[in-house]
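Report on the structure given below.
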Amino acid sequence: MGDIDVIDVNPGIDAPRDVTVDAPAPAAPDVDVADRIAQEVVRLLRIVSRMRHQNDIAVAHVLAELLDKGPKRVGEIAQSLGTDPSTVSRQVTALVEAGLVERHAHPDDGRAHLLAPTAAGMQRCAVGRRRQHELITTILSGWSAEDSTRLATLLGMFADDMQAAHEGERRNVRRSGGES
């Protein structure tokens with residue numbers, strides 16, 4: 001597999017989930033606004049894809065999950081990332097072959113393995129996070145702190161709602177005035 005460029009999927013700008021956002025009660029989105037958002041999301045995905053090999057990003061998600069939340073089974077990683085266990089299994093194989101993740105016997109179930117990052121995996125993730133932080137701070141250097149914080153909050157809300165829609169769930173977003 002060779003070198004895997006790891007980026008952090010959570011750039012350290014955690015958008016609080018209990019933040020009240022000044023917004024009117026949710027209404028049916030304007031078709032033009034929805035179209036513009038869809039176009040911008042596609043454009044952003046293309047930019048990110050050109051910046052990093054797509055497979056490396058997927059592998060980075062797995063490594064960051066293990067680093068942030070500790071040793072897990074393949075199925076637990078897949079559930080946490082909202083992806084198929086067979087996909088995660090292939091990604092884990094690449095990480096193990098690259099020396100970034102290691103398998104340990106599960107203490108309660110001898111048939112299962114727990115996956116954990118190696119020292120090299122932790123180092124690679126730290127480098128990826130540092131690069132990502134540098135990129136994001138450079139991009140946002142001309143933005144006000146308020147605009148940067150608002151972007152983080154709204155982007156987090158959008159990602160949460162997109163994931164919930166993908167999973168067939170609806171979640172209530174707390175907005176000013178107590179509407180949901």
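Each chain of the structure tokens is named A, B, ... in the order shown, its residues numbered from 1; ligands are numbered from 1 in display order.
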* Determine which residues of segment 87-126 of chain A receive a DSSP assignment of alpha helix (DSSP H), computed from the backbone, and state them as JSON, numbers by chain. => {"A": [87, 88, 89, 90, 91, 92, 93, 94, 95, 96, 97, 119, 120, 121, 122, 123, 124, 125, 126]}
* Test item: residues at most 12 Å from Thr93 of chain A, only C-alpha atoms, excluding those fewer than 5 positions along its chain, as a PyMOL selection string -> chain A and resi 1+59+62-63+74+86-88+98-103+115
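Taking atom CA of Ala145 of chain A and atom CA of Asp32 of chain A as endpoints, the distance between them is 28.5 Å.
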* Give the strand (DSSP E or B) residues of segment 41-173 of chain A, as DSSP finds them on the backbone, and put them as a list in words. =>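 After running DSSP on the backbone, segment 41-173 of chain A has strand (DSSP E or B) at Lys72, Val101, Glu102, Arg103, His104, Ala105, His113, Leu114, Leu115, Ala116 and Pro117 of chain A.
Atom CA of Met51 of chain A is found 21.4 Å from atom CA of Gly142 of chain A.
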